[in-house]
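**Q** Got a structure for you, start36.pdb, holding PDB, C-alpha atoms.
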ATOM      1  CA  MET A 823      -4.730 -21.764   4.925
ATOM      2  CA  ALA A 824      -6.167 -22.837   8.290
ATOM      3  CA  ALA A 825      -8.955 -21.049  10.094
ATOM      4  CA  ASP A 826      -7.940 -18.425  12.640
ATOM      5  CA  PRO A 827      -9.438 -19.440  16.015
ATOM      6  CA  ASN A 828      -9.895 -15.789  16.974
ATOM      7  CA  CYS A 829     -11.617 -14.733  13.734
ATOM      8  CA  ILE A 830     -15.360 -14.142  13.838
ATOM      9  CA  PHE A 831     -15.715 -14.708  10.072
ATOM     10  CA  CYS A 832     -13.893 -18.055  10.313
ATOM     11  CA  LYS A 833     -16.394 -19.017  12.997
ATOM     12  CA  ILE A 834     -19.280 -17.942  10.781
ATOM     13  CA  ALA A 835     -17.829 -19.928   7.844
ATOM     14  CA  ALA A 836     -17.523 -22.991  10.102
ATOM     15  CA  GLY A 837     -21.092 -22.570  11.364
ATOM     16  CA  ASP A 838     -19.900 -22.006  14.939
ATOM     17  CA  ILE A 839     -21.492 -18.557  14.983
ATOM     18  CA  PRO A 840     -24.904 -18.290  13.327
ATOM     19  CA  SER A 841     -25.385 -16.037  10.308
ATOM     20  CA  THR A 842     -28.110 -15.440   7.784
ATOM     21  CA  THR A 843     -26.479 -17.190   4.859
ATOM     22  CA  VAL A 844     -27.557 -16.298   1.338
ATOM     23  CA  LEU A 845     -24.951 -18.207  -0.691
ATOM     24  CA  ASP A 846     -22.926 -21.250   0.203
ATOM     25  CA  SER A 847     -20.154 -22.537  -2.051
ATOM     26  CA  PRO A 848     -17.052 -24.696  -1.522
ATOM     27  CA  LEU A 849     -14.708 -21.690  -1.473
ATOM     28  CA  ALA A 850     -16.884 -18.901  -0.111
ATOM     29  CA  ILE A 851     -20.065 -17.935   1.665
ATOM     30  CA  ALA A 852     -22.232 -14.828   1.609
ATOM     31  CA  PHE A 853     -24.432 -13.695   4.468
ATOM     32  CA  LEU A 854     -26.392 -10.634   5.547
ATOM     33  CA  ASP A 855     -24.377  -7.956   7.357
ATOM     34  CA  VAL A 856     -25.833  -7.705  10.880
ATOM     35  CA  GLY A 857     -25.296  -3.941  10.803
ATOM     36  CA  PRO A 858     -26.620  -3.222   7.308
ATOM     37  CA  LEU A 859     -26.257   0.144   5.570
ATOM     38  CA  ALA A 860     -29.339  -0.792   3.550
ATOM     39  CA  ASP A 861     -31.779  -3.709   3.426
ATOM     40  CA  GLY A 862     -30.040  -6.639   1.759
ATOM     41  CA  HIS A 863     -26.442  -5.493   2.448
ATOM     42  CA  VAL A 864     -24.444  -8.721   2.170
ATOM     43  CA  LEU A 865     -20.874  -9.827   2.784
ATOM     44  CA  LEU A 866     -19.027 -12.300   0.569
ATOM     45  CA  ILE A 867     -16.036 -13.970   2.241
ATOM     46  CA  PRO A 868     -13.599 -16.750   1.349
ATOM     47  CA  ARG A 869     -14.011 -19.753   3.662
ATOM     48  CA  ASP A 870     -10.263 -19.796   4.299
ATOM     49  CA  HIS A 871      -8.656 -17.167   6.462
ATOM     50  CA  TYR A 872      -6.762 -14.389   4.686
ATOM     51  CA  GLU A 873      -6.488 -11.019   6.294
ATOM     52  CA  ARG A 874      -6.171  -8.941   3.124
ATOM     53  CA  LEU A 875      -6.770  -9.470  -0.548
ATOM     54  CA  ASP A 876      -3.093  -9.041  -1.454
ATOM     55  CA  GLN A 877      -2.350 -12.097   0.712
ATOM     56  CA  MET A 878      -4.635 -14.322  -1.359
ATOM     57  CA  PRO A 879      -3.413 -16.497  -4.232
ATOM     58  CA  ALA A 880      -4.674 -14.923  -7.469
ATOM     59  CA  ASP A 881      -6.593 -18.024  -8.557
ATOM     60  CA  VAL A 882      -8.392 -18.438  -5.228
ATOM     61  CA  PHE A 883      -9.263 -14.755  -5.129
ATOM     62  CA  GLY A 884     -10.529 -14.950  -8.717
ATOM     63  CA  GLN A 885     -12.759 -17.924  -7.921
ATOM     64  CA  VAL A 886     -14.269 -16.159  -4.911
ATOM     65  CA  ALA A 887     -14.781 -12.935  -6.881
ATOM     66  CA  ALA A 888     -16.434 -14.928  -9.687
ATOM     67  CA  LEU A 889     -19.443 -15.272  -7.363
ATOM     68  CA  LEU A 890     -20.018 -11.499  -7.408
ATOM     69  CA  PRO A 891     -21.944 -11.243 -10.700
ATOM     70  CA  LYS A 892     -24.725 -13.595  -9.625
ATOM     71  CA  LEU A 893     -24.727 -12.193  -6.101
ATOM     72  CA  GLY A 894     -25.000  -8.628  -7.449
ATOM     73  CA  SER A 895     -27.798  -9.668  -9.751
ATOM     74  CA  ALA A 896     -29.755 -11.298  -6.915
ATOM     75  CA  LEU A 897     -29.081  -8.333  -4.609
ATOM     76  CA  GLN A 898     -30.813  -5.939  -6.969
ATOM     77  CA  ARG A 899     -33.921  -8.090  -7.163
ATOM     78  CA  VAL A 900     -34.081  -8.743  -3.424
ATOM     79  CA  ALA A 901     -33.466  -5.122  -2.436
ATOM     80  CA  GLY A 902     -35.534  -3.702  -5.296
ATOM     81  CA  VAL A 903     -32.754  -1.390  -6.490
ATOM     82  CA  ASP A 904     -30.895  -0.876  -9.746
ATOM     83  CA  ALA A 905     -27.613   0.240  -8.179
ATOM     84  CA  TYR A 906     -25.092  -1.084  -5.649
ATOM     85  CA  ASN A 907     -21.539  -0.621  -4.456
ATOM     86  CA  VAL A 908     -18.999  -3.399  -4.062
ATOM     87  CA  LEU A 909     -16.496  -2.384  -1.391
ATOM     88  CA  GLN A 910     -13.522  -4.288  -0.054
ATOM     89  CA  ASN A 911     -11.332  -2.671   2.617
ATOM     90  CA  ASN A 912      -7.745  -3.606   3.410
ATOM     91  CA  GLY A 913      -6.136  -2.303   6.589
ATOM     92  CA  ALA A 914      -7.460  -0.324   9.566
ATOM     93  CA  ALA A 915      -6.892   3.036   7.842
ATOM     94  CA  ALA A 916      -9.168   1.802   5.042
ATOM     95  CA  GLY A 917     -11.959   1.000   7.487
ATOM     96  CA  GLN A 918     -11.376  -2.764   7.702
ATOM     97  CA  GLU A 919     -12.912  -3.891  10.991
ATOM     98  CA  VAL A 920     -12.678  -7.691  10.691
ATOM     99  CA  GLY A 921      -9.291  -9.074   9.648
ATOM    100  CA  HIS A 922     -10.685 -11.603   7.166
ATOM    101  CA  VAL A 923     -11.126 -10.617   3.515
ATOM    102  CA  HIS A 924     -14.712  -9.564   2.785
ATOM    103  CA  PHE A 925     -16.629  -7.815   0.053
ATOM    104  CA  HIS A 926     -19.522  -5.580   1.026
ATOM    105  CA  LEU A 927     -22.375  -5.444  -1.492
ATOM    106  CA  ILE A 928     -24.410  -2.375  -0.621
ATOM    107  CA  PRO A 929     -27.767  -1.663  -2.308
ATOM    108  CA  ARG A 930     -28.130   1.983  -3.303
ATOM    109  CA  CYS A 931     -30.979   4.323  -4.146
ATOM    110  CA  PRO A 932     -31.044   8.059  -4.877
ATOM    111  CA  GLY A 933     -30.773  10.257  -1.772
ATOM    112  CA  ASP A 934     -29.790   7.452   0.594
ATOM    113  CA  GLY A 935     -26.833   9.436   1.965
ATOM    114  CA  LEU A 936     -24.411   6.554   1.451
ATOM    115  CA  GLY A 937     -21.481   6.288  -0.951
ATOM    116  CA  TYR A 938     -17.782   7.031  -0.985
ATOM    117  CA  ARG A 939     -16.480  10.473  -0.015
ATOM    118  CA  TRP A 940     -15.180  11.906  -3.284
ATOM    119  CA  ASN A 941     -12.601  14.658  -3.209
ATOM    120  CA  ALA A 942     -10.671  14.361  -6.442
ATOM    121  CA  LYS A 943      -7.421  16.174  -7.073
ATOM    122  CA  SER A 944      -5.077  16.239 -10.051
ATOM    123  CA  TYR A 945      -1.439  15.368 -10.565
ATOM    124  CA  ALA A 946       1.314  17.957 -10.889
ATOM    125  CA  ALA A 947       3.239  17.684 -14.174
ATOM    126  CA  GLY A 948       5.368  14.542 -14.271
ATOM    127  CA  ARG A 949       3.934  12.972 -11.115
ATOM    128  CA  ALA A 950       1.675  10.468 -12.891
ATOM    129  CA  ASP A 951       4.558   9.198 -15.033
ATOM    130  CA  GLU A 952       6.725   8.869 -11.932
ATOM    131  CA  LEU A 953       4.083   6.743 -10.192
ATOM    132  CA  ALA A 954       3.477   4.645 -13.303
ATOM    133  CA  ALA A 955       7.202   3.926 -13.594
ATOM    134  CA  ARG A 956       7.192   2.586 -10.026
ATOM    135  CA  PHE A 957       4.158   0.413 -10.718
ATOM    136  CA  SER A 958       5.890  -0.949 -13.815
ATOM    137  CA  GLU A 959       8.967  -1.951 -11.813
ATOM    138  CA  LEU A 960       6.726  -4.027  -9.549
ATOM    139  CA  LEU A 961       4.266  -5.412 -12.085
ATOM    140  CA  ASP A 962       6.207  -6.080 -15.287
TER     141      ASP A 962
ATOM    142  CA  MET B 718     -18.459  -8.412 -26.435
ATOM    143  CA  ALA B 719     -17.553  -5.629 -28.852
ATOM    144  CA  ALA B 720     -16.194  -2.269 -27.816
ATOM    145  CA  ASP B 721     -18.733   0.522 -27.396
ATOM    146  CA  PRO B 722     -17.728   3.360 -29.762
ATOM    147  CA  ASN B 723     -19.022   5.939 -27.290
ATOM    148  CA  CYS B 724     -17.216   4.548 -24.234
ATOM    149  CA  ILE B 725     -14.155   6.414 -22.972
ATOM    150  CA  PHE B 726     -12.777   3.303 -21.229
ATOM    151  CA  CYS B 727     -13.090   1.254 -24.446
ATOM    152  CA  LYS B 728     -11.085   3.986 -26.163
ATOM    153  CA  ILE B 729      -8.467   3.873 -23.414
ATOM    154  CA  ALA B 730      -8.298   0.048 -23.662
ATOM    155  CA  ALA B 731      -7.822   0.347 -27.439
ATOM    156  CA  GLY B 732      -5.113   3.001 -27.019
ATOM    157  CA  ASP B 733      -7.202   5.609 -28.850
ATOM    158  CA  ILE B 734      -7.194   7.842 -25.779
ATOM    159  CA  PRO B 735      -3.912   8.030 -23.875
ATOM    160  CA  SER B 736      -3.720   6.831 -20.278
ATOM    161  CA  THR B 737      -0.984   6.210 -17.758
ATOM    162  CA  THR B 738      -1.060   2.427 -17.872
ATOM    163  CA  VAL B 739       0.311   0.462 -14.945
ATOM    164  CA  LEU B 740      -0.755  -3.077 -15.897
ATOM    165  CA  ASP B 741      -1.514  -4.547 -19.287
ATOM    166  CA  SER B 742      -2.955  -8.047 -19.658
ATOM    167  CA  PRO B 743      -4.951  -9.848 -22.364
ATOM    168  CA  LEU B 744      -8.264  -9.412 -20.533
ATOM    169  CA  ALA B 745      -7.770  -6.200 -18.581
ATOM    170  CA  ILE B 746      -5.740  -3.055 -18.109
ATOM    171  CA  ALA B 747      -5.060  -0.831 -15.118
ATOM    172  CA  PHE B 748      -4.214   2.858 -15.320
ATOM    173  CA  LEU B 749      -3.966   5.892 -13.053
ATOM    174  CA  ASP B 750      -7.250   7.699 -12.408
ATOM    175  CA  VAL B 751      -6.837  11.201 -13.860
ATOM    176  CA  GLY B 752      -8.825  12.644 -10.937
ATOM    177  CA  PRO B 753      -7.181  10.719  -8.090
ATOM    178  CA  LEU B 754      -8.473  10.693  -4.527
ATOM    179  CA  ALA B 755      -4.903   9.904  -3.445
ATOM    180  CA  ASP B 756      -1.527   9.509  -5.153
ATOM    181  CA  GLY B 757      -1.517   6.160  -6.951
ATOM    182  CA  HIS B 758      -5.321   5.748  -7.206
ATOM    183  CA  VAL B 759      -5.714   3.273 -10.079
ATOM    184  CA  LEU B 760      -8.562   1.804 -12.099
ATOM    185  CA  LEU B 761      -8.696  -1.818 -13.243
ATOM    186  CA  ILE B 762     -11.041  -2.460 -16.170
ATOM    187  CA  PRO B 763     -11.882  -5.409 -18.415
ATOM    188  CA  ARG B 764     -10.823  -4.749 -22.019
ATOM    189  CA  ASP B 765     -14.258  -5.775 -23.262
ATOM    190  CA  HIS B 766     -17.233  -3.543 -22.724
ATOM    191  CA  TYR B 767     -19.642  -4.490 -19.954
ATOM    192  CA  GLU B 768     -21.613  -1.786 -18.248
ATOM    193  CA  ARG B 769     -22.033  -3.511 -14.875
ATOM    194  CA  LEU B 770     -20.464  -6.438 -13.094
ATOM    195  CA  ASP B 771     -23.690  -8.467 -13.068
ATOM    196  CA  GLN B 772     -23.602  -8.408 -16.870
ATOM    197  CA  MET B 773     -20.194 -10.108 -16.970
ATOM    198  CA  PRO B 774     -19.751 -13.884 -17.354
ATOM    199  CA  ALA B 775     -18.552 -15.231 -13.999
ATOM    200  CA  ASP B 776     -15.341 -16.707 -15.421
ATOM    201  CA  VAL B 777     -14.332 -13.504 -17.224
ATOM    202  CA  PHE B 778     -15.080 -11.424 -14.153
ATOM    203  CA  GLY B 779     -13.073 -13.851 -12.017
ATOM    204  CA  GLN B 780     -10.078 -13.644 -14.321
ATOM    205  CA  VAL B 781     -10.131  -9.845 -14.275
ATOM    206  CA  ALA B 782     -10.543  -9.757 -10.489
ATOM    207  CA  ALA B 783      -7.640 -12.208 -10.127
ATOM    208  CA  LEU B 784      -5.358  -9.280 -11.032
ATOM    209  CA  LEU B 785      -6.370  -7.395  -7.874
ATOM    210  CA  PRO B 786      -4.028  -9.111  -5.381
ATOM    211  CA  LYS B 787      -0.853  -8.183  -7.254
ATOM    212  CA  LEU B 788      -2.200  -4.753  -8.111
ATOM    213  CA  GLY B 789      -3.106  -4.109  -4.461
ATOM    214  CA  SER B 790       0.306  -5.272  -3.361
ATOM    215  CA  ALA B 791       2.077  -2.946  -5.819
ATOM    216  CA  LEU B 792      -0.242  -0.063  -4.922
ATOM    217  CA  GLN B 793       0.837  -0.152  -1.297
ATOM    218  CA  ARG B 794       4.501  -0.002  -2.192
ATOM    219  CA  VAL B 795       4.074   2.735  -4.784
ATOM    220  CA  ALA B 796       1.846   4.899  -2.590
ATOM    221  CA  GLY B 797       3.737   4.103   0.612
ATOM    222  CA  VAL B 798       0.605   3.054   2.504
ATOM    223  CA  ASP B 799      -0.538  -0.070   4.316
ATOM    224  CA  ALA B 800      -4.252   0.351   3.592
ATOM    225  CA  TYR B 801      -6.501   0.751   0.557
ATOM    226  CA  ASN B 802     -10.100   0.441  -0.549
ATOM    227  CA  VAL B 803     -11.310  -1.508  -3.552
ATOM    228  CA  LEU B 804     -14.542   0.033  -4.816
ATOM    229  CA  GLN B 805     -16.691  -0.961  -7.743
ATOM    230  CA  ASN B 806     -19.887   0.989  -8.449
ATOM    231  CA  ASN B 807     -22.874  -0.251 -10.440
ATOM    232  CA  GLY B 808     -25.528   2.221 -11.558
ATOM    233  CA  ALA B 809     -25.842   5.999 -11.350
ATOM    234  CA  ALA B 810     -27.315   5.898  -7.830
ATOM    235  CA  ALA B 811     -24.170   4.047  -6.734
ATOM    236  CA  GLY B 812     -21.907   6.778  -8.131
ATOM    237  CA  GLN B 813     -20.951   4.999 -11.362
ATOM    238  CA  GLU B 814     -19.860   7.737 -13.764
ATOM    239  CA  VAL B 815     -18.461   5.709 -16.673
ATOM    240  CA  GLY B 816     -20.671   2.895 -17.938
ATOM    241  CA  HIS B 817     -17.860   0.347 -18.249
ATOM    242  CA  VAL B 818     -17.042  -1.947 -15.309
ATOM    243  CA  HIS B 819     -14.128  -0.592 -13.267
ATOM    244  CA  PHE B 820     -12.531  -1.203  -9.910
ATOM    245  CA  HIS B 821     -11.100   1.761  -8.033
ATOM    246  CA  LEU B 822      -8.060   0.986  -5.869
ATOM    247  CA  ILE B 823      -7.702   3.894  -3.466
ATOM    248  CA  PRO B 824      -4.634   4.231  -1.179
ATOM    249  CA  ARG B 825      -5.582   5.212   2.358
ATOM    250  CA  CYS B 826      -3.834   6.759   5.310
ATOM    251  CA  PRO B 827      -5.134   7.880   8.722
ATOM    252  CA  GLY B 828      -6.971  11.207   8.654
ATOM    253  CA  ASP B 829      -7.219  11.436   4.875
ATOM    254  CA  GLY B 830     -10.951  12.223   5.011
ATOM    255  CA  LEU B 831     -11.805   9.523   2.461
ATOM    256  CA  GLY B 832     -13.754   6.296   2.940
ATOM    257  CA  TYR B 833     -17.318   5.114   2.742
ATOM    258  CA  ARG B 834     -20.086   6.905   4.650
ATOM    259  CA  TRP B 835     -21.095   4.418   7.326
ATOM    260  CA  ASN B 836     -24.526   4.671   8.889
ATOM    261  CA  ALA B 837     -25.393   1.170  10.060
ATOM    262  CA  LYS B 838     -28.858   0.159  11.124
ATOM    263  CA  SER B 839     -30.277  -3.146  12.324
ATOM    264  CA  TYR B 840     -33.053  -5.419  11.113
ATOM    265  CA  ALA B 841     -36.461  -5.646  12.743
ATOM    266  CA  ALA B 842     -37.318  -9.165  13.915
ATOM    267  CA  GLY B 843     -37.903 -11.509  10.977
ATOM    268  CA  ARG B 844     -36.698  -9.126   8.301
ATOM    269  CA  ALA B 845     -33.278 -10.748   7.808
ATOM    270  CA  ASP B 846     -34.838 -14.198   7.362
ATOM    271  CA  GLU B 847     -37.316 -12.748   4.877
ATOM    272  CA  LEU B 848     -34.504 -11.242   2.802
ATOM    273  CA  ALA B 849     -32.429 -14.415   3.016
ATOM    274  CA  ALA B 850     -35.346 -16.495   1.763
ATOM    275  CA  ARG B 851     -35.611 -14.238  -1.286
ATOM    276  CA  PHE B 852     -31.875 -14.541  -1.943
ATOM    277  CA  SER B 853     -32.157 -18.313  -1.695
ATOM    278  CA  GLU B 854     -34.907 -18.423  -4.281
ATOM    279  CA  LEU B 855     -32.612 -16.649  -6.713
ATOM    280  CA  LEU B 856     -29.291 -18.282  -5.836
ATOM    281  CA  ASP B 857     -30.043 -21.912  -5.015
TER     282      ASP B 857
END
Please re-express this file's structure in structure tokens.
**A**
Amino acid sequence: MAADPNCIFCKIAAGDIPSTTVLDSPLAIAFLDVGPLADGHVLLIPRDHYERLDQMPADVFGQVAALLPKLGSALQRVAGVDAYNVLQNNGAAAGQEVGHVHFHLIPRCPGDGLGYRWNAKSYAAGRADELAARFSELLD
Amino acid sequence: MAADPNCIFCKIAAGDIPSTTVLDSPLAIAFLDVGPLADGHVLLIPRDHYERLDQMPADVFGQVAALLPKLGSALQRVAGVDAYNVLQNNGAAAGQEVGHVHFHLIPRCPGDGLGYRWNAKSYAAGRADELAARFSELLD
């Protein structure tokens, strides 16, 4: 997959826009978010341009994601925390602002005011089975 | 890694607690969250017990994560949305409620009131380089 000439993350991956890189591998790079939610907030991106995760070949996505354990481990030591969120947004309605797959790793500490808005509901009788049947049609 | 006898997700993976399974693979399963944030909210978990992602071997984590593209693709069709968040929490301060690695896949639509609380800041001069140097010590 070629680079997208209009994509800021492609330009960062190519070194055409400077970034504060923290991890550099053949398939992916990680760098500090310039608008961090917390000190040490990093982004992990594939070098190649894919807009959304569901557009990535499973093996490529898996190899990029395989960098997360060591990145998460380092993040905790650098930020001096024992908790972090991994967040990956797909689509504008999900808050995706750059159309190039990226994982946010966000250090967390108690009372920081961050986190996902949680407003859980429950399924009416039969609804869960109905949804699961549709998933099965697509995934089996 | 053995199952943890006190872990609800290990019991779900073993079939000892029922769940609405949507994907079943040798290394991982996905099932509907019983307290969904939106219709079709699913969890993807490794079958083996690991509390946090940084405790998982990179290759195992990569193979589990490699299921996300097809799961994300199916999720959009089942939920009838074109956006979703992937969220993975590590540690109590990050909102992790079950101590077994899990990815949330959360369907999103405009005005749903969900999403991550975003309160970006910026780094004082020199701070980003300081953090990056610490990452490099750990990751190079």
**Q** CA of Gly757 (chain B) to CA of His819 (chain B): how many Å, to one decimal?
**A**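 So the answer is 15.6 Å.
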**Q** Run the ChimeraX specification (/B :<6) & /A mentally over the shown coordinates, then write out the matched residues as a PyMOL selection string, using the chain letters and numbers from the document.
**A** chain A and resi 844+857-859+875-876+880+883-885+887-888+891+894-895+905-913+915-916+930-932+936-939+941-944+954+957-958
**Q** Would you write out, as a PyMOL selection string, every residue that the PyMOL selection byres ((chain A and resi 832) around 12) captures in this file?
**A** chain A and resi 823-831+833-841+850-851+867-873+920-924
**Q** Work out how far apart CA of Gly797 (chain B) and CA of Ala946 (chain A) are and give it in Å to one decimal.
**A**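 Between CA of Gly797 (chain B) and CA of Ala946 (chain A) the gap works out to 18.2 Å.
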